[in-house]
Every structure is written in structure tokens, then in C-alpha cells.
Amino acid sequence: MIRVQEEDFDVGAEIAALTGGDRSIGAVATFVGLVREMAPVEGETRAIESMTLEHYPGMTEKKLAEIEDEANRRWPLAASLIIHRYGTLSPGERIVFVACASAHRHAAFEACQFLMDWLKTEAPFWKLEATDTGGAWVDARESDDHAVARWTDKPDAAE
Amino acid sequence: MIRVQEEDFDVGAEIAALTGGDRSIGAVATFVGLVREMAPVEGETRAIESMTLEHYPGMTEKKLAEIEDEANRRWPLAASLIIHRYGTLSPGERIVFVACASAHRHAAFEACQFLMDWLKTEAPFWKLEATDTGGAWVDARESDDHAVARWTDKPDAAE
Amino acid sequence: MKLLYFAWMRQRIGTSAEDIARPDGVDTVGDLVDWLVARDEGYAKAFEKREVIRAAVNQEYVRFDHPVNDNDEVAFFPPVTGG
Amino acid sequence: MKLLYFAWMRQRIGTSAEDIARPDGVDTVGDLVDWLVARDEGYAKAFEKREVIRAAVNQEYVRFDHPVNDNDEVAFFPPVTGG
């Protein structure tokens, strides 16, 4: 399941809903991404007042659904969930949630990491950080490209 | 932080308590282990009526604290938590919870997997599964030994 | 065709979306970029580092040699930073 | 010394804990196992597959060549299956 939303989410309730009733599940791996209060902006560490997430409505949902399908193709998941917020968030707020449930832990962990690596490099979101000196768009990180390159059989790289 | 307890725990509340206030945290990776209703018992897949976890009080807490310290030595974690239950649990119930919080996601994910791999092979717990034909002790899985062997610099292997 | 711009490309161009008739000689995404860059300074600045810009046609990532057609939705944006 | 047994070793031996005076000639964990196995069938059955049994002295994993002393807590158990 995927959700792209402005409002916050309840991690405990989401995990309970994801696994509830399916007793074939032995493992749930999850990831929560949060807005940090300090971040490197143009080479300096700056205090973040807020972060605004812009996205590409329509394409976002399409890419998230594709990425989730791909994870389900690669690993035997009983359930999976991606929630990604947009709009303006304060430090400490949740940005993203990924949960993968499976009979065993390796599938759950790997699928969860796979989804995060792909979200970072393929989902059309852009972060604008507001500091006391104005707004700065977050740069893509080379380490994220390296992270996603681990999953060698890239299913939906540019044609 | 480590906790060895008979009672259940609230995943959402635990994550909130773990990260609350520390806005240097950008990533929280968690794992929940659940009792499955079907499991291979003596070569056959059987319905599990309940699972009883026996442990070694004293040594359990010691090993969990050592494992958590080791994770914190290897990765820059802002916070970590291991909860492991003992006693008799029904299918669908939570057994174990691991959460690792860090500035970035790779440290959080890796530390969480490391802790689970070590828990599986080093923490003195034993699972007894009750089926309609009686009780059977869960066998150690060779795949868990392989999983833990990834973390090559074994810090507290047998002397 | 419908053109969409995101993040700092949107800011430099000064709009998030526009509808245009496909210009003569614009057969690929790359042709479209050339045509936009020639239009004004905002576009030129937005496409300055062309090698980092990602393009999507009808919400699929494409390379700049991908064809564009009259009714396509073509989006341009910087490297993504979600997650 | 205090001896502890867990899981199916506890069941086979029929007790979870016992206090014994360190027998003459028992200087290592392995010596202790030999001594226990000679005691009765339950112990013999519990230590049948000696190569899979894990031992802890004072709550630290040890090998069977590890020394044992008068006041040690010595635990024997099958491979762990927690997590």
C-alpha cells in the first residue's frame, strides 16, 4: 500500500494495521525518516527552521506503486506500506515511513532498505530547507546513488 | 536501553520515547518479531498453539547490554532499544523489538540488522512450540549462523 | 503539450506548468530543452547544468533522446531528494 | 559450584539448577561434563551431542577447556533460538 499525504501518521497504528490478522508474519522491518534540526546547507551546518517537501502529484504515486511492486516481486512479503508526506514540516516531524512484513527477517529488512534506497533516488520529491538566511534546496547525495546501485538489477532506470 | 520482560510493549510509544527531544535524529530503523501460527516442527509444517520463551535471567540482560554496546561502538547511534519478551505467547504476539536511531539511515538499518543477527545467535533464549502433538524445542537455524558471520569482527565470541 | 517544472527549476523559470504547442523541429526531449533555453534567461539558467536535469514524459523517467509528441506531459526537475 | 540447565537439557536432566561441591579432578568445563555424564542416564542423554552444547561460566560463553572454580556459576544449554 502507498500513501502520499500532507498529514502525519501513527507508526504503531500503521504497523498494527499492516500485520493485523496475518499470522504468517514473523518479521516486520520499518523505517521512519525525520526532519533534523541541523543540516549541511551550502557547505555549512545550519539550524533548520522548517523543511518543505515539493512533489510531482501523479508521478509520485506511480513511482511509489512501481517501487513497492518491485519489492514484492523480489522478496516474499506478506504486506508492505510506504507513506511519504509533503508540505511544510518542522524539525522532529516524520517525513517518510516504510514497513515490510514477511515470514522471516531477512526479506523484511532487505525489502525495507531497498524501498528507502529507491525512494531517495527515484521518487519525485524535493526538499527545501528554510534557515535564518533563507531557503536552500537540498542537494542529492552521491552516497544515495551508491546505495541504490547495490540493488544491481535496476528495474526502472531511465530507458 | 535493554528490557527483558514478560509483558507486551507498544511499538509507537517506544519509538516516540526513543527519539523524543533529540532532533539530531533523521532515521529510525526498527524490527518487530512475531509468533507465527505455522512453523516447521520436526520436518513438518504444524499449527502452533503457543510459544514459550525460556531464558537465562542475568546472563540475558548481560548479553543484551553487551550487544547493544557493541552496536553503539560500531555505528553512530543517537539512541537504541532492545526489548525481548519471555513466557508463553500466542500466534500474532510480539516477541522482540529492536530500534536504532541515527542521523542517517545506513547506520540505523545496519545496527538494527546487526542486533537482530546477534540476538538470534548469542542471546540465551530458547523457544518451545506447543502443537496439537505436544511441545517441541525450536532448532537453531544454520542461516542465523551465516547471518551473524557477516559481521566479521566477532566481538564476544566464545573465548 | 504540457510542461511541468519542479523545485529550483520551477523557481528559475518562474512557473510550475505551462501549455505549449509543440514547436516545429522539436522531436525529442533534448530538442525541447534547446528550444526552451533559447526562449529566455530564466530557462537558460534553469537548464544551465543540463547533465543533472532529469526528464519525465508522461510520468516515466526518460533520457533526452526520448521522443516528444503533441499531447505529452513533459516534466523537468533536479535530482530528487525525497525519502 | 552452581550448575544451571536450560531448555531440553533441563528437561532431560530433570532439574534447572543444583549446587555441588567441585569434584576431585574436575578442573575444566569438559571435566565437569565427563563427571556429570557418568552420574546418570538423564545427564548422559542431555550431553549426548556434546558438540552442540554451549557452556557459560559466570554468564560468559566459554569453551570446554575453560577452567572451573569452586564458586563458579556454570550453565549448559542447547544452541539459542531467541530473537
# chains A, B, ... in the order shown; residues from 1 in each chain; ligands from 1
$ select_by_dssp --residues "chain D" --states "helix (DSSP H, G or I)" --output "list in words"
Ala7, Trp8, Met9, Arg10, Gln11, Arg12, Ile13, Val29, Gly30, Asp31, Leu32, Val33, Asp34, Trp35, Leu36, Val37, Glu41, Gly42, Tyr43, Ala44, Lys45, Ala46, Arg50, Glu51 and Val52 of chain D
$ write_last_selection --atoms "N, CA, C and O atoms" --output "short mmCIF file (atom, residue, chain, number, x, y, z; two decimals), in the first residue's frame"
data_model
loop_
_atom_site.label_atom_id
_atom_site.label_comp_id
_atom_site.auth_asym_id
_atom_site.auth_seq_id
_atom_site.Cartn_x
_atom_site.Cartn_y
_atom_site.Cartn_z
N ALA D 7 16.27 -25.33 28.69
CA ALA D 7 15.55 -25.92 27.55
C ALA D 7 15.56 -27.44 27.64
O ALA D 7 15.31 -27.99 28.72
N TRP D 8 15.84 -28.13 26.52
CA TRP D 8 15.72 -29.59 26.59
C TRP D 8 16.80 -30.26 27.45
O TRP D 8 16.62 -31.38 27.92
N MET D 9 17.87 -29.56 27.75
CA MET D 9 18.85 -30.13 28.69
C MET D 9 18.25 -30.18 30.08
O MET D 9 18.39 -31.16 30.81
N ARG D 10 17.57 -29.10 30.44
CA ARG D 10 16.87 -29.05 31.73
C ARG D 10 15.86 -30.20 31.83
O ARG D 10 15.78 -30.89 32.85
N GLN D 11 15.10 -30.41 30.75
CA GLN D 11 14.08 -31.47 30.76
C GLN D 11 14.71 -32.85 30.90
O GLN D 11 14.21 -33.69 31.64
N ARG D 12 15.80 -33.09 30.18
CA ARG D 12 16.42 -34.41 30.22
C ARG D 12 17.07 -34.69 31.58
O ARG D 12 17.01 -35.81 32.09
N ILE D 13 17.66 -33.63 32.15
CA ILE D 13 18.33 -33.81 33.44
C ILE D 13 17.30 -33.84 34.57
O ILE D 13 17.50 -34.51 35.59
N VAL D 29 35.52 -27.14 32.26
CA VAL D 29 34.13 -27.40 31.88
C VAL D 29 34.00 -28.81 31.32
O VAL D 29 33.07 -29.54 31.67
N GLY D 30 34.96 -29.20 30.50
CA GLY D 30 34.92 -30.54 29.91
C GLY D 30 35.00 -31.64 30.95
O GLY D 30 34.27 -32.63 30.88
N ASP D 31 35.86 -31.43 31.97
CA ASP D 31 35.94 -32.40 33.09
C ASP D 31 34.59 -32.52 33.78
O ASP D 31 34.14 -33.61 34.13
N LEU D 32 33.94 -31.37 33.96
CA LEU D 32 32.64 -31.36 34.63
C LEU D 32 31.61 -32.14 33.82
O LEU D 32 30.81 -32.91 34.37
N VAL D 33 31.64 -31.95 32.51
CA VAL D 33 30.70 -32.68 31.64
C VAL D 33 30.94 -34.18 31.79
O VAL D 33 29.99 -34.96 31.97
N ASP D 34 32.20 -34.60 31.75
CA ASP D 34 32.53 -36.03 31.90
C ASP D 34 31.98 -36.57 33.22
O ASP D 34 31.39 -37.65 33.27
N TRP D 35 32.16 -35.78 34.26
CA TRP D 35 31.72 -36.19 35.59
C TRP D 35 30.19 -36.32 35.63
O TRP D 35 29.64 -37.29 36.16
N LEU D 36 29.49 -35.34 35.03
CA LEU D 36 28.02 -35.35 35.03
C LEU D 36 27.48 -36.54 34.22
O LEU D 36 26.55 -37.23 34.66
N VAL D 37 28.07 -36.76 33.06
CA VAL D 37 27.61 -37.83 32.18
C VAL D 37 27.71 -39.20 32.87
O VAL D 37 26.84 -40.06 32.69
N GLU D 41 21.70 -41.52 33.63
CA GLU D 41 21.22 -41.56 32.24
C GLU D 41 20.71 -40.21 31.73
O GLU D 41 20.84 -39.88 30.56
N GLY D 42 20.02 -39.49 32.64
CA GLY D 42 19.48 -38.18 32.26
C GLY D 42 20.60 -37.25 31.78
O GLY D 42 20.49 -36.62 30.73
N TYR D 43 21.67 -37.20 32.55
CA TYR D 43 22.82 -36.36 32.16
C TYR D 43 23.43 -36.88 30.86
O TYR D 43 23.79 -36.11 29.99
N ALA D 44 23.56 -38.21 30.79
CA ALA D 44 24.17 -38.80 29.59
C ALA D 44 23.37 -38.40 28.35
O ALA D 44 23.92 -38.01 27.33
N LYS D 45 22.04 -38.43 28.49
CA LYS D 45 21.17 -38.08 27.37
C LYS D 45 21.26 -36.58 27.07
O LYS D 45 21.27 -36.15 25.91
N ALA D 46 21.33 -35.76 28.11
CA ALA D 46 21.40 -34.31 27.92
C ALA D 46 22.68 -33.91 27.18
O ALA D 46 22.67 -32.97 26.37
N ARG D 50 27.46 -33.67 22.49
CA ARG D 50 28.25 -32.72 23.25
C ARG D 50 28.73 -31.53 22.41
O ARG D 50 28.88 -30.42 22.90
N GLU D 51 28.94 -31.80 21.10
CA GLU D 51 29.49 -30.74 20.24
C GLU D 51 28.53 -29.58 20.02
O GLU D 51 28.95 -28.49 19.63
N VAL D 52 27.22 -29.79 20.24
CA VAL D 52 26.29 -28.66 20.04
C VAL D 52 26.01 -27.89 21.35
O VAL D 52 25.48 -26.78 21.31
#
$ residues_around --residues "Gly58 of chain A" --least-positions-apart "2" --cutoff "12 Å" --atoms "only C-alpha atoms" --output "JSON list (two decimals) with C-alpha atoms, in the first residue's frame"
[["chain", "number", "residue", "atom", "x", "y", "z"],
["A", 3, "ARG", "CA", 0.08, 6.87, 0.64],
["A", 4, "VAL", "CA", 1.21, 10.38, -0.29],
["A", 55, "HIS", "CA", 6.50, 16.55, -5.17],
["A", 56, "TYR", "CA", 5.09, 15.66, -8.57],
["A", 60, "THR", "CA", 4.87, 10.27, -7.20],
["A", 61, "GLU", "CA", 2.06, 7.77, -6.66],
["A", 62, "LYS", "CA", 3.01, 5.94, -9.87],
["A", 63, "LYS", "CA", 6.69, 5.61, -8.88],
["A", 64, "LEU", "CA", 5.88, 4.59, -5.31],
["A", 65, "ALA", "CA", 3.48, 1.90, -6.52],
["A", 123, "ALA", "CA", 10.62, 9.19, -6.04],
["A", 124, "PRO", "CA", 9.98, 12.73, -7.35],
["A", 125, "PHE", "CA", 10.26, 14.71, -4.12],
["C", 56, "ALA", "CA", 9.90, 12.56, -17.41],
["C", 58, "ASN", "CA", 4.01, 11.08, -19.22],
["C", 59, "GLN", "CA", 5.37, 10.43, -15.74],
["C", 60, "GLU", "CA", 8.10, 7.99, -16.83],
["C", 73, "GLU", "CA", 3.16, 15.74, -20.32],
["C", 75, "ALA", "CA", 8.40, 17.34, -16.70]]
$ closest_atom_pairs --of "chain A" --to "chain C" --cutoff "7 Å" --atoms "only C-alpha atoms" --output "tab-separated table"
residue	atom	partner	partner_atom	distance
A:Gly33	CA	C:Gly83	CA	6.9
A:Glu54	CA	C:Ala7	CA	6.9
A:Met59	CA	C:Gln59	CA	5.0
A:Val96	CA	C:Gly83	CA	5.9
A:Met116	CA	C:Gly83	CA	6.5
A:Leu119	CA	C:Gly83	CA	5.3
A:Lys120	CA	C:Gly83	CA	4.9
A:Thr121	CA	C:Val80	CA	6.0
A:Glu122	CA	C:Val80	CA	6.8
A:Ala123	CA	C:Gly82	CA	6.5
A:Pro124	CA	C:Val80	CA	5.5
A:Phe125	CA	C:Gly82	CA	4.6
A:Trp126	CA	C:Thr81	CA	4.9
A:Lys127	CA	C:Thr81	CA	6.0
A:Val138	CA	C:Thr81	CA	6.7
A:Asp139	CA	C:Thr81	CA	7.0
A:Ala140	CA	C:Thr81	CA	5.5
A:Ala158	CA	C:Val62	CA	5.0
A:Glu159	CA	C:Val62	CA	5.6
$ write_last_selection --atoms "C-alpha atoms" --output "mmCIF file, in the first residue's frame"
data_model
loop_
_atom_site.group_PDB
_atom_site.id
_atom_site.type_symbol
_atom_site.label_atom_id
_atom_site.label_comp_id
_atom_site.auth_asym_id
_atom_site.auth_seq_id
_atom_site.Cartn_x
_atom_site.Cartn_y
_atom_site.Cartn_z
ATOM 1 C CA GLY A 33 12.606 9.376 8.400
ATOM 2 C CA GLU A 54 7.518 19.500 -3.018
ATOM 3 C CA MET A 59 4.108 10.626 -10.916
ATOM 4 C CA VAL A 96 8.507 9.047 5.488
ATOM 5 C CA MET A 116 14.303 3.504 1.132
ATOM 6 C CA LEU A 119 12.688 6.377 -2.628
ATOM 7 C CA LYS A 120 15.792 8.502 -2.152
ATOM 8 C CA THR A 121 16.802 8.289 -5.805
ATOM 9 C CA GLU A 122 13.607 7.639 -7.795
ATOM 10 C CA ALA A 123 10.616 9.190 -6.041
ATOM 11 C CA PRO A 124 9.980 12.729 -7.348
ATOM 12 C CA PHE A 125 10.264 14.706 -4.120
ATOM 13 C CA TRP A 126 12.415 17.758 -3.466
ATOM 14 C CA LYS A 127 13.312 19.218 -0.096
ATOM 15 C CA VAL A 138 18.730 20.031 -0.554
ATOM 16 C CA ASP A 139 21.361 18.577 -2.878
ATOM 17 C CA ALA A 140 21.114 14.986 -4.000
ATOM 18 C CA ALA A 158 15.808 5.684 -17.382
ATOM 19 C CA GLU A 159 15.063 3.967 -20.640
#
$ closest_residue --among "B:Asp10, B:Glu49, B:Glu142, B:Glu42" --to "chain A" --atoms "only C-alpha atoms"
B:Asp10
$ residues_around --residues "Leu34 of chain A" --least-positions-apart "3" --cutoff "10 Å" --atoms "only C-alpha atoms" --output "VMD selection string"
(chain A and resid 31 37 89 to 97) or (chain B and resid 19 23 to 28 103 to 104) or (chain C and resid 83)
$ select_by_dssp --residues "chain C" --states "strand (DSSP E or B)" --output "JSON, numbers by chain"
{"C": [2, 3, 4, 5, 17, 18, 19, 28, 54, 55, 56, 57, 60, 61, 62, 67, 73, 74, 75, 76, 77]}
$ write_last_selection --atoms "N, CA and C atoms" --output "mmCIF file, in the first residue's frame"
data_model
loop_
_atom_site.group_PDB
_atom_site.id
_atom_site.type_symbol
_atom_site.label_atom_id
_atom_site.label_comp_id
_atom_site.auth_asym_id
_atom_site.auth_seq_id
_atom_site.Cartn_x
_atom_site.Cartn_y
_atom_site.Cartn_z
ATOM 1 N N LYS C 2 2.027 19.619 -22.395
ATOM 2 C CA LYS C 2 2.031 20.240 -21.073
ATOM 3 C C LYS C 2 3.438 20.129 -20.484
ATOM 4 N N LEU C 3 3.965 21.260 -20.047
ATOM 5 C CA LEU C 3 5.308 21.255 -19.451
ATOM 6 C C LEU C 3 5.213 21.533 -17.955
ATOM 7 N N LEU C 4 5.965 20.785 -17.188
ATOM 8 C CA LEU C 4 5.982 20.960 -15.735
ATOM 9 C C LEU C 4 7.418 21.147 -15.241
ATOM 10 N N TYR C 5 7.585 22.023 -14.255
ATOM 11 C CA TYR C 5 8.910 22.273 -13.679
ATOM 12 C C TYR C 5 8.813 22.182 -12.163
ATOM 13 N N ALA C 17 3.948 25.249 -14.412
ATOM 14 C CA ALA C 17 3.326 24.493 -15.508
ATOM 15 C C ALA C 17 2.956 25.443 -16.640
ATOM 16 N N GLU C 18 3.046 24.944 -17.858
ATOM 17 C CA GLU C 18 2.577 25.750 -18.998
ATOM 18 C C GLU C 18 2.167 24.810 -20.120
ATOM 19 N N ASP C 19 1.253 25.276 -20.938
ATOM 20 C CA ASP C 19 0.831 24.504 -22.104
ATOM 21 C C ASP C 19 1.420 25.183 -23.332
ATOM 22 N N THR C 28 12.385 15.568 -29.841
ATOM 23 C CA THR C 28 12.857 14.830 -28.662
ATOM 24 C C THR C 28 12.882 15.765 -27.449
ATOM 25 N N ARG C 54 16.742 15.905 -14.689
ATOM 26 C CA ARG C 54 16.016 14.691 -15.054
ATOM 27 C C ARG C 54 14.732 15.085 -15.785
ATOM 28 N N ALA C 55 14.367 14.244 -16.738
ATOM 29 C CA ALA C 55 13.157 14.497 -17.507
ATOM 30 C C ALA C 55 12.218 13.315 -17.389
ATOM 31 N N ALA C 56 10.911 13.617 -17.396
ATOM 32 C CA ALA C 56 9.899 12.557 -17.414
ATOM 33 C C ALA C 56 8.898 12.892 -18.510
ATOM 34 N N VAL C 57 8.557 11.905 -19.309
ATOM 35 C CA VAL C 57 7.498 12.079 -20.305
ATOM 36 C C VAL C 57 6.346 11.175 -19.880
ATOM 37 N N GLU C 60 7.053 9.023 -16.799
ATOM 38 C CA GLU C 60 8.100 7.992 -16.826
ATOM 39 C C GLU C 60 9.438 8.683 -17.044
ATOM 40 N N TYR C 61 10.453 8.283 -16.248
ATOM 41 C CA TYR C 61 11.786 8.829 -16.487
ATOM 42 C C TYR C 61 12.239 8.490 -17.897
ATOM 43 N N VAL C 62 12.830 9.468 -18.583
ATOM 44 C CA VAL C 62 13.346 9.227 -19.940
ATOM 45 C C VAL C 62 14.690 9.928 -20.098
ATOM 46 N N PRO C 67 11.534 10.583 -27.680
ATOM 47 C CA PRO C 67 10.652 11.424 -28.495
ATOM 48 C C PRO C 67 9.595 12.151 -27.657
ATOM 49 N N GLU C 73 2.842 14.961 -21.518
ATOM 50 C CA GLU C 73 3.162 15.740 -20.320
ATOM 51 C C GLU C 73 4.663 15.570 -20.117
ATOM 52 N N VAL C 74 5.391 16.682 -20.229
ATOM 53 C CA VAL C 74 6.849 16.614 -20.102
ATOM 54 C C VAL C 74 7.268 17.380 -18.852
ATOM 55 N N ALA C 75 7.982 16.693 -17.953
ATOM 56 C CA ALA C 75 8.398 17.340 -16.696
ATOM 57 C C ALA C 75 9.915 17.405 -16.627
ATOM 58 N N PHE C 76 10.413 18.517 -16.095
ATOM 59 C CA PHE C 76 11.850 18.684 -15.868
ATOM 60 C C PHE C 76 12.068 18.985 -14.390
ATOM 61 N N PHE C 77 13.085 18.351 -13.832
ATOM 62 C CA PHE C 77 13.354 18.612 -12.415
ATOM 63 C C PHE C 77 14.790 18.255 -12.044
#
$ atom_distance --atom1 "atom CA of Pro76 of chain B" --atom2 "atom CA of Arg150 of chain A"
22.1 Å
$ atom_distance --atom1 "atom CA of Ala38 of chain D" --atom2 "atom CA of Asn69 of chain D"
20.0 Å
$ residues_around --residues "His106 of chain B" --least-positions-apart "2" --cutoff "9 Å" --atoms "only C-alpha atoms" --output "number ranges by chain"
A: 113, 147; B: 27, 102, 104, 108-111
$ write_last_selection --atoms "N, CA and C atoms" --output "PDB file, in the first residue's frame"
ATOM      1  N   GLN A 113      15.082  -1.735   3.215  1.00  0.00           N
ATOM      2  CA  GLN A 113      16.238  -0.934   2.777  1.00  0.00           C
ATOM      3  C   GLN A 113      16.184  -0.617   1.288  1.00  0.00           C
ATOM      4  N   ALA A 147      24.154   3.803  -2.786  1.00  0.00           N
ATOM      5  CA  ALA A 147      23.279   2.893  -2.039  1.00  0.00           C
ATOM      6  C   ALA A 147      22.346   2.157  -2.992  1.00  0.00           C
TER       7      ALA A 147
ATOM      8  N   ALA B  27      16.766   9.275  11.198  1.00  0.00           N
ATOM      9  CA  ALA B  27      16.430   7.928  10.742  1.00  0.00           C
ATOM     10  C   ALA B  27      16.202   7.000  11.928  1.00  0.00           C
ATOM     11  N   SER B 102      19.544   7.188  14.304  1.00  0.00           N
ATOM     12  CA  SER B 102      20.815   7.807  13.924  1.00  0.00           C
ATOM     13  C   SER B 102      20.522   9.036  13.068  1.00  0.00           C
ATOM     14  N   HIS B 104      21.605   9.356  10.044  1.00  0.00           N
ATOM     15  CA  HIS B 104      21.374   8.857   8.681  1.00  0.00           C
ATOM     16  C   HIS B 104      20.923   7.400   8.668  1.00  0.00           C
ATOM     17  N   ALA B 108      21.400   3.356  11.004  1.00  0.00           N
ATOM     18  CA  ALA B 108      20.203   2.851  11.692  1.00  0.00           C
ATOM     19  C   ALA B 108      19.851   1.447  11.196  1.00  0.00           C
ATOM     20  N   PHE B 109      19.816   1.271   9.878  1.00  0.00           N
ATOM     21  CA  PHE B 109      19.476  -0.041   9.312  1.00  0.00           C
ATOM     22  C   PHE B 109      20.512  -1.102   9.683  1.00  0.00           C
ATOM     23  N   GLU B 110      21.767  -0.782   9.516  1.00  0.00           N
ATOM     24  CA  GLU B 110      22.810  -1.783   9.760  1.00  0.00           C
ATOM     25  C   GLU B 110      22.855  -2.190  11.222  1.00  0.00           C
ATOM     26  N   ALA B 111      22.772  -1.220  12.111  1.00  0.00           N
ATOM     27  CA  ALA B 111      22.814  -1.536  13.537  1.00  0.00           C
ATOM     28  C   ALA B 111      21.611  -2.411  13.914  1.00  0.00           C
TER      29      ALA B 111
END
$ atom_distance --atom1 "atom CA of Gly20 of chain B" --atom2 "atom CA of Leu81 of chain B"
13.4 Å
$ decode --residues "segment 24-58 of chain D" --atoms "C-alpha atoms" --output "JSON list (two decimals), in the first residue's frame"
[["chain", "number", "residue", "atom", "x", "y", "z"],
["D", 24, "ASP", "CA", 38.18, -34.00, 42.66],
["D", 25, "GLY", "CA", 39.84, -33.86, 39.27],
["D", 26, "VAL", "CA", 37.22, -31.53, 37.76],
["D", 27, "ASP", "CA", 39.31, -28.57, 36.62],
["D", 28, "THR", "CA", 37.62, -27.58, 33.35],
["D", 29, "VAL", "CA", 34.13, -27.40, 31.88],
["D", 30, "GLY", "CA", 34.92, -30.54, 29.91],
["D", 31, "ASP", "CA", 35.94, -32.40, 33.09],
["D", 32, "LEU", "CA", 32.64, -31.36, 34.63],
["D", 33, "VAL", "CA", 30.70, -32.68, 31.64],
["D", 34, "ASP", "CA", 32.53, -36.03, 31.90],
["D", 35, "TRP", "CA", 31.72, -36.19, 35.59],
["D", 36, "LEU", "CA", 28.02, -35.35, 35.03],
["D", 37, "VAL", "CA", 27.61, -37.83, 32.18],
["D", 38, "ALA", "CA", 28.95, -40.60, 34.43],
["D", 39, "ARG", "CA", 26.36, -39.67, 37.07],
["D", 40, "ASP", "CA", 23.18, -40.99, 35.42],
["D", 41, "GLU", "CA", 21.22, -41.56, 32.24],
["D", 42, "GLY", "CA", 19.48, -38.18, 32.26],
["D", 43, "TYR", "CA", 22.82, -36.36, 32.16],
["D", 44, "ALA", "CA", 24.17, -38.80, 29.59],
["D", 45, "LYS", "CA", 21.17, -38.08, 27.37],
["D", 46, "ALA", "CA", 21.40, -34.31, 27.92],
["D", 47, "PHE", "CA", 25.07, -34.26, 26.85],
["D", 48, "GLU", "CA", 24.62, -36.85, 24.07],
["D", 49, "LYS", "CA", 25.52, -34.40, 21.29],
["D", 50, "ARG", "CA", 28.25, -32.72, 23.25],
["D", 51, "GLU", "CA", 29.49, -30.74, 20.24],
["D", 52, "VAL", "CA", 26.29, -28.66, 20.04],
["D", 53, "ILE", "CA", 26.04, -27.85, 23.78],
["D", 54, "ARG", "CA", 27.04, -24.36, 24.80],
["D", 55, "ALA", "CA", 28.55, -23.60, 28.17],
["D", 56, "ALA", "CA", 28.75, -20.38, 30.16],
["D", 57, "VAL", "CA", 30.87, -19.79, 33.24],
["D", 58, "ASN", "CA", 29.72, -16.87, 35.34]]
